[in-house]
Amino acid sequence: MAPVPDALDLVADADMLVCVRAAERLQRIEWYRREAVADAARHGLGRDVAERSARLELACVLRVGEHAAGVLLG
């Protein structure tokens, strides 16, 4: 029989879930950035325009400032 987790074990489990979700979010943000740059290139727009648009859209979706979105986009 497995031991019953105590309160600290439950906190550690919850923290692991948060870390996994954060990693997934960063991966999806990177996919979005690549897609936005590729889409802009197909339409003849510059990379700087694509990255600014992506930064503003991401800021809106995540309800964070433009600077924070830029940090997430790398």
# chains A, B, ... in the order shown; residues from 1 in each chain; ligands from 1
>>> residues_around(residues="Leu26 (chain A)", least_positions_apart="3", cutoff="12 Å", atoms="only C-alpha atoms", output="count of residues only")
16
>>> residues_around(residues="Glu57 (chain A)", least_positions_apart="5", cutoff="10 Å", atoms="only C-alpha atoms", output="PyMOL selection string")
chain A and resi 51-52+62-63+66+69
>>> atom_distance(atom1="CA of His67 (chain A)", atom2="CA of Met16 (chain A)")
26.9 Å
>>> select_by_dssp(residues="chain A", states="helix (DSSP H, G or I)", output="VMD selection string")
chain A and resid 7 to 42 47 to 62 66 to 73
>>> atom_distance(atom1="CA of Glu24 (chain A)", atom2="CA of Val4 (chain A)")
29.1 Å
>>> atom_distance(atom1="CA of Gly70 (chain A)", atom2="CA of Gln27 (chain A)")
14.6 Å
